Amino acid sequence: MAAGFFISKSVGIVAIVLGLGAVATIIALSVVYAQEKNKPTDPGIADTTTAAPSSTAAPNKPWNRWRLPTTLRPESYEVTLQPFLTPDANNTYIFKGNSSVVFVCMEATDLILIHSKKLKYTLQGSFHASLHAVNGSSVPHISNTWLETPTQYLVVQLNGLLQQGQRYRLVSIFTGELADDLAGFYRSEYVDESGNKKVVATTQMQAADARKAFPCFDEPAMKATFTVTLIHPSDHKAISNMPARSTWQQQIDGKRWNVTEFQTTPKMSTYLLAFIVSQFSYVHNTSGKVLIRIWGRPKAIAEGQGSYALKVTGPILNFFERHYNTAYPLPKSDQVGLPDFNAGAMENWGLVTYRENSLLFDNAYSSIGNKERVVTIIAHELAHQWFGNLVTLRWWNDLWLNEGFASYVEYLGADSAEPSWNIKDLMVLNEVYKVMATDALTTSHPLSFREDEINTPAQISEVFDSISYSKGASVLRMLSDFLTEDVFKKGLQSYLHTFAYGSTTYMDLWSHLQKAVMENNVSLPNNISDIMDRWTLQMGFPVVTVNTLTGDVRQDHFLLDPTSVVERPSVFNYTWIVPITWKTREATGNRYWLTNHSAINNQFRVNSSDWLLLNLDVSGYFRVNYNPQNWNQLLRQLSTNHQAIPVINRAQIIDDAFNLARAKYVSVTLALNTTRFLSRETAYMPWEAALNNLHYFQLMFDRSEVFGVMTKYMQKQVMPLFNHYKNITNGWITIPSGLMDQYNEINAISTACSYGIAECQSLSTDYFRKWQQNVAKNPIPPNLRSSIYCSIVATGGEEAWNFIWERFKEATVVSEADKLRTALSCSPQPWILNRYLQYTLDPNKIRKQDATATINSIASNVVGQSLAWDFIRGNWRMLFTQ
C-alpha cells in the first residue's frame, strides 16, 4: 500500500510548489500520484483474495445435500424452551426444550429430514424423535435416526411410506447450549449499576440458526405457524413475536418457574422467529391498535434512552401502512436493544432486535449521527415487516431484493419521521458511492445468483454484503425514479397483496411492476425485466462518456483498475440499458435511454459557453465522463457560481472525477481541480465527497515530502469552513439547525484538526484539560465528540490515550462508548496501536461484536495500516473462528 513507501524528490521542487499556491499544489500532487500508481507491485506480496473453500457435501444421499427435499412441507410448530440463566456444574449455560411440528406429505417418502444444529436429544425409545398420526392417518414405524452433522440434519428413516396429502407430527426433546456466540438461542450479558452480572437469553435466527434452537425445516420458503412457550425465572420477563396468551407458575425440579405461552404466529419463516428472557424494562405507546414497546436495560430505559425510538416508530409504521396500502399485520411491535448482537438489527416479525446503539438514544451523550442511525435502522427493520416478512423471497440467492429494498425505503421511512432533514439525499453518499467502490472491482458479483450457487450456510452468509444491501438499494432507487414513485408503489402494492404470507422470486416483483407500467402508460424502451436484468444479473456498472462537441455518447464497464481482467462472463456483454437525466445551464431535458454501447444524441451537443450535466441527483447507478471542454466548463461554473449546479451533482462531479482519475480516464489534475471551489462551499455533500476521496490521497502521501504541500492546501480550503461554523455556532456553543449543517460542522472540526490547524488543535486541548479537571462533567458537545476525542488521542500521547481508555471502560451509554472506542485508534504511536489490537482478542476489554470495527478503525489510521494487516495475518485462525 502507498503509505508504506517514501517518495524521494528534491526539496527545491517542494519549495517552488509552496510558493505557487493551489494550482501548483494540485499539479505537484498529480505528479506524485502518478509515480505512486506506476510503482511495480512488491513481488513478495501475492494477491490474498480467495474464495471461501467449498463445503458442499457429496450429493449421493438426500442427507448429504444442503437443500431440503420438497417431499414434506411444515404447517405448524409448538415449541417449548427453558433457558437456564446460571451455569451448570460444567460451567456451561444451557436450555432445555421440546417441540413438535405438523407437516404435510407432498410426495410419498420413507425419509424425514429436518434441520438440527448442536442440539442433544433425549431418546424416545431408541430414536431421536417420535412420529405420530394427525387426523387418523396411519404412521409407519421409525427404523433409524441419526444426526448428520456436516449438513446439519436430524435424519429419520421409516420402514414404510408417508402418504401424499396426509399430515404427521414429529416430536423431539432436546438440550442446547446457551452460548455467547450471538447465533440461534444465545446469551447476552451486561453489568447493572450495582455491579451485578445479568444474563439475557435471546435469539438471532437469520440466516440458518433457528435449527440451533429447535429442530425445524429451516428454509425461508418453508413457512408455518409457531406457538411458542417459554419457561423462565419468575423475576424475568418473556417476550416473543406475538403477545402472551397466558402466564402461570409451575414447580419444576423443586423450583418455581413462570410459564408464558404466546399466541400463535401467522404463517412465517423460521428465520423470523424470536424470543427473549430478560429483566429489561420498556416504554410504550400505541399507534392505532398496534402496541409499541421499546425494551432495554432498566437503567437505559429509566434515563429516557428509549424515548426517541418510541417517538418515531409510530409515524414510521403509519408511513409504511400507507406506502404498502396494507395494514401492519401483527397486534404489536416490540423493539429490543441488546448488549451483545452480531448484526445492526434483525427484523424478527413483531419482535425486532437491535444493537443498543441502533435503538437507544441519549440526548446528553448521543450525536446527530447516532440519531440518524436510530431512525434509519428502525425504518429499515419496520420496512421488512411487510417486504420480507409478510412476503418472503423463496431462497437466499435473491437476498438482494429483500435487503436492497429495505435499504432503499429506510430513507423514505426516516424522511417521514424527520421531514426537515432531507435525509433521502444521503443515499447517494451512504449507498451509491460506497458500494461503487466495491462494484468497480473484477471480484464483485451480480446482485442475483442462480439458486444452485447458494447452498451452504457459509455461502448464504457471504451474500449478506454491500452489493446486496447498497447496490440493491441503488438500482431500486433508479427503478423507482424512472417509473415514478407512484407507479412503483402501485406495482409494489399489487405484489404484496398477491403474495401475502407466501414466497416469491424477484421475477414476481418485475411482473407486478410491469402490470403497473402498462396500466399507467409509462413509456419505456423495453419491459421491466429486460431493463433490470442487466442491472441484477451482471456485476458492475457503466461509465457513460459524452462528447458535447459531437453528441456522441457511449458506455463502458467501469473498473477502477483498467488493466484488470473480468473473468465472470455476462450474457449482456457488460452493456446496460441506462436511464440518463440531464440538464444544461439553461434547461433540463427529458430522460434519454442509452440502450446500446454507443449512440449519438444531438441534444447533448452544447455551445462552447454552455455546459452539460448528466445523471441529475445521481438517480442512475453509473458514473459520468465528459470531453475536456465540458469538464472545463463545469469547473468554470463551480469557480464562479457553484450553486448553479445542484448540490448532489456538486458532490457527483467530485466523486466521479476522482474515481475516473484512479481508473485513468481523466488526469488527477482535473480531479483535484474539482475541489478548488470548496473554499467557498458550506454544503455537506460536496465536502463529504471530497473528504472521502482525499482520504485516499492522504494515505498515499502521508510519508512523502509532498504531504506538507497537501496539508497546506487542505488548511487553505477548510479554514473558511471552520470559521463559518465557528461564527454560526457562537464559538462552538450552539448547534446548527439542519442535519446536513450539523454533519458539516463535524467535517470542519475533524478536517481542521487532522490537518494541524492550530486553532482547532488548541480547541481540542482546551476541552481535554477541562475534562481532566472534572471527569464527571464532559464539556465537549455530543456532535463534536468523535472529532475532538480523535484529536485528543492523536496529539496527547500516552496520557491522553489512557484517559480516553478509562472513560471508555466506565461508559454506560453505548453510543458514547463507541465514540471513545473509535477515538482510541487515532494514536500515532505504533506500540499503543499494537497493544490496542491485542485488546480486540479479549472480550473483557472489547466486546466480540465490536472487535472487527475496532480493527477497521486502527487500519484506517495511516500508522495502523501495516500493523492491522500484520495482526490479521498473525491471528487469522483465532479471528475467523470466534
# chains A, B, ... in the order shown; residues from 1 in each chain; ligands from 1
>>> select_by_dssp(residues="segment 593-752 of chain A", states="helix (DSSP H, G or I)", output="MDAnalysis selection string")
chainID A and resid 602:604 616:618 628:644 647:662 668:673 676:680 684:701 706:728 739:752
>>> residues_around(residues="Leu559 of chain A", least_positions_apart="2", cutoff="6 Å", atoms="only C-alpha atoms", output="VMD selection string")
chain A and resid 440 to 441 561 to 562
>>> write_last_selection(atoms="N, CA and C atoms", output="PDB file, in the first residue's frame")
ATOM      1  N   ALA A 440     -16.809  -1.769  -8.618  1.00  0.00           N
ATOM      2  CA  ALA A 440     -15.903  -1.424  -9.712  1.00  0.00           C
ATOM      3  C   ALA A 440     -14.681  -2.333  -9.739  1.00  0.00           C
ATOM      4  N   LEU A 441     -14.736  -3.433  -9.001  1.00  0.00           N
ATOM      5  CA  LEU A 441     -13.646  -4.405  -8.978  1.00  0.00           C
ATOM      6  C   LEU A 441     -14.064  -5.663  -9.735  1.00  0.00           C
ATOM      7  N   ASP A 561      -9.391  -0.528 -11.775  1.00  0.00           N
ATOM      8  CA  ASP A 561      -8.115  -0.930 -12.362  1.00  0.00           C
ATOM      9  C   ASP A 561      -8.367  -1.272 -13.824  1.00  0.00           C
ATOM     10  N   PRO A 562      -8.027  -0.375 -14.734  1.00  0.00           N
ATOM     11  CA  PRO A 562      -8.352  -0.622 -16.147  1.00  0.00           C
ATOM     12  C   PRO A 562      -7.582  -1.781 -16.761  1.00  0.00           C
TER      13      PRO A 562
END
>>> select_by_dssp(residues="segment 570-780 of chain A", states="strand (DSSP E or B)", output="number ranges by chain")
A: 578-580, 582-584, 588, 592-594, 598-600, 612-614, 623-626
>>> write_last_selection(atoms="N, CA, C and O atoms", output="compact mmCIF listing (two decimals), in the first residue's frame")
# COMPACT_ATOMS: atom_id res chain seq x y z
N VAL A 578 -29.47 2.22 -19.95
CA VAL A 578 -29.14 3.27 -18.99
C VAL A 578 -30.12 4.44 -19.09
O VAL A 578 -30.22 5.07 -20.16
N PRO A 579 -30.84 4.75 -18.00
CA PRO A 579 -31.70 5.94 -18.00
C PRO A 579 -30.88 7.18 -17.64
O PRO A 579 -30.31 7.27 -16.56
N ILE A 580 -30.82 8.14 -18.55
CA ILE A 580 -29.96 9.31 -18.36
C ILE A 580 -30.81 10.57 -18.22
O ILE A 580 -31.50 10.97 -19.17
N TRP A 582 -30.67 14.76 -17.55
CA TRP A 582 -29.62 15.71 -17.93
C TRP A 582 -30.15 17.14 -17.91
O TRP A 582 -31.35 17.38 -17.95
N LYS A 583 -29.21 18.06 -17.84
CA LYS A 583 -29.55 19.47 -17.93
C LYS A 583 -28.36 20.24 -18.48
O LYS A 583 -27.22 19.77 -18.45
N THR A 584 -28.65 21.42 -18.99
CA THR A 584 -27.62 22.38 -19.37
C THR A 584 -27.73 23.58 -18.43
O THR A 584 -28.54 23.58 -17.51
N THR A 588 -33.55 21.87 -18.40
CA THR A 588 -33.50 20.45 -18.06
C THR A 588 -34.19 19.66 -19.15
O THR A 588 -35.32 19.99 -19.55
N TYR A 592 -33.20 10.42 -21.33
CA TYR A 592 -32.69 9.77 -22.53
C TYR A 592 -32.24 8.36 -22.16
O TYR A 592 -31.59 8.15 -21.13
N TRP A 593 -32.57 7.38 -23.00
CA TRP A 593 -32.21 5.99 -22.75
C TRP A 593 -31.08 5.57 -23.67
O TRP A 593 -31.21 5.61 -24.89
N LEU A 594 -29.97 5.18 -23.08
CA LEU A 594 -28.85 4.62 -23.84
C LEU A 594 -29.01 3.11 -23.82
O LEU A 594 -28.77 2.46 -22.78
N SER A 598 -23.09 2.48 -27.86
CA SER A 598 -22.85 3.89 -28.22
C SER A 598 -24.01 4.40 -29.05
O SER A 598 -24.78 3.63 -29.64
N ALA A 599 -24.13 5.72 -29.08
CA ALA A 599 -25.20 6.36 -29.84
C ALA A 599 -24.83 7.82 -30.04
O ALA A 599 -23.82 8.31 -29.51
N ILE A 600 -25.64 8.53 -30.80
CA ILE A 600 -25.50 9.98 -30.96
C ILE A 600 -26.80 10.62 -30.52
O ILE A 600 -27.88 10.22 -30.96
N LEU A 612 -22.94 20.75 -20.04
CA LEU A 612 -23.91 19.66 -19.95
C LEU A 612 -23.64 18.88 -18.68
O LEU A 612 -22.48 18.59 -18.35
N LEU A 613 -24.70 18.50 -17.97
CA LEU A 613 -24.59 17.73 -16.74
C LEU A 613 -25.50 16.52 -16.85
O LEU A 613 -26.71 16.67 -17.09
N LEU A 614 -24.94 15.32 -16.71
CA LEU A 614 -25.72 14.09 -16.78
C LEU A 614 -25.93 13.49 -15.39
O LEU A 614 -25.13 13.70 -14.49
N ARG A 623 -21.42 6.12 -13.48
CA ARG A 623 -20.55 7.30 -13.43
C ARG A 623 -20.60 8.01 -14.77
O ARG A 623 -21.03 7.44 -15.79
N VAL A 624 -20.13 9.28 -14.77
CA VAL A 624 -20.20 10.12 -15.96
C VAL A 624 -18.84 10.72 -16.26
O VAL A 624 -18.16 11.22 -15.36
N ASN A 625 -18.46 10.66 -17.53
CA ASN A 625 -17.24 11.31 -18.01
C ASN A 625 -17.60 12.22 -19.18
O ASN A 625 -18.57 11.94 -19.90
N TYR A 626 -16.85 13.29 -19.34
CA TYR A 626 -17.10 14.27 -20.39
C TYR A 626 -15.84 14.50 -21.21
O TYR A 626 -14.73 14.12 -20.81
>>> residues_around(residues="Leu393 of chain A", least_positions_apart="5", cutoff="12 Å", atoms="only C-alpha atoms", output="MDAnalysis selection string")
chainID A and resid 219:223 268:269 384 386:388 398:403 405 448 451 496 499:509
>>> atom_distance(atom1="atom CA of Thr536 of chain A", atom2="atom CA of Trp396 of chain A")
14.6 Å
>>> residues_around(residues="Val566 of chain A", least_positions_apart="2", cutoff="12 Å", atoms="only C-alpha atoms", output="PyMOL selection string")
chain A and resi 440-445+538-540+557-564+568-570+573-574
>>> residues_around(residues="Phe84 of chain A", least_positions_apart="3", cutoff="9 Å", atoms="only C-alpha atoms", output="number ranges by chain")
A: 87-88, 93-96, 178, 201, 232-233
>>> residues_around(residues="Ile746 of chain A", least_positions_apart="4", cutoff="12 Å", atoms="only C-alpha atoms", output="PyMOL selection string")
chain A and resi 367-369+684+687-688+718+721-722+725-726+732+735-736+739-742+750-754+760+781-788
>>> residues_around(residues="Ala108 of chain A", least_positions_apart="6", cutoff="6 Å", atoms="only C-alpha atoms", output="number ranges by chain")
A: 161-164
>>> write_last_selection(atoms="all heavy atoms", output="CSV table (one decimal), in the first residue's frame")
chain,number,residue,atom,x,y,z
A,161,LEU,N,-43.9,-45.9,3.9
A,161,LEU,CA,-44.1,-44.6,3.2
A,161,LEU,C,-45.0,-43.7,3.9
A,161,LEU,O,-46.1,-44.2,4.4
A,161,LEU,CB,-44.5,-44.8,1.8
A,161,LEU,CG,-43.5,-45.5,0.8
A,161,LEU,CD1,-44.2,-45.7,-0.5
A,161,LEU,CD2,-42.3,-44.7,0.7
A,162,LEU,N,-44.7,-42.5,4.0
A,162,LEU,CA,-45.6,-41.4,4.4
A,162,LEU,C,-46.5,-41.2,3.1
A,162,LEU,O,-46.0,-41.2,2.0
A,162,LEU,CB,-44.9,-40.1,4.8
A,162,LEU,CG,-44.0,-40.2,6.0
A,162,LEU,CD1,-43.2,-38.9,6.1
A,162,LEU,CD2,-44.8,-40.5,7.2
A,163,GLN,N,-47.8,-41.0,3.3
A,163,GLN,CA,-48.7,-40.9,2.2
A,163,GLN,C,-49.0,-39.5,1.8
A,163,GLN,O,-49.2,-38.6,2.6
A,163,GLN,CB,-50.0,-41.6,2.5
A,163,GLN,CG,-49.9,-43.1,2.9
A,163,GLN,CD,-49.3,-43.8,1.7
A,163,GLN,OE1,-49.7,-43.7,0.6
A,163,GLN,NE2,-48.3,-44.6,2.0
A,164,GLN,N,-49.0,-39.3,0.5
A,164,GLN,CA,-49.2,-37.9,-0.1
A,164,GLN,C,-50.5,-37.4,0.4
A,164,GLN,O,-51.6,-38.1,0.4
A,164,GLN,CB,-49.2,-38.0,-1.6
A,164,GLN,CG,-49.4,-36.6,-2.3
A,164,GLN,CD,-49.3,-36.7,-3.8
A,164,GLN,OE1,-49.1,-37.8,-4.3
A,164,GLN,NE2,-49.5,-35.6,-4.5
>>> closest_residue(among="A:Ser188, A:Thr145, A:Gln166, A:Gln124", to="Lys848 of chain A", atoms="only C-alpha atoms")
A:Ser188
>>> closest_residue(among="A:Val79, A:Leu359, A:Val155, A:Val862", to="Phe701 of chain A", atoms="only C-alpha atoms")
A:Val862
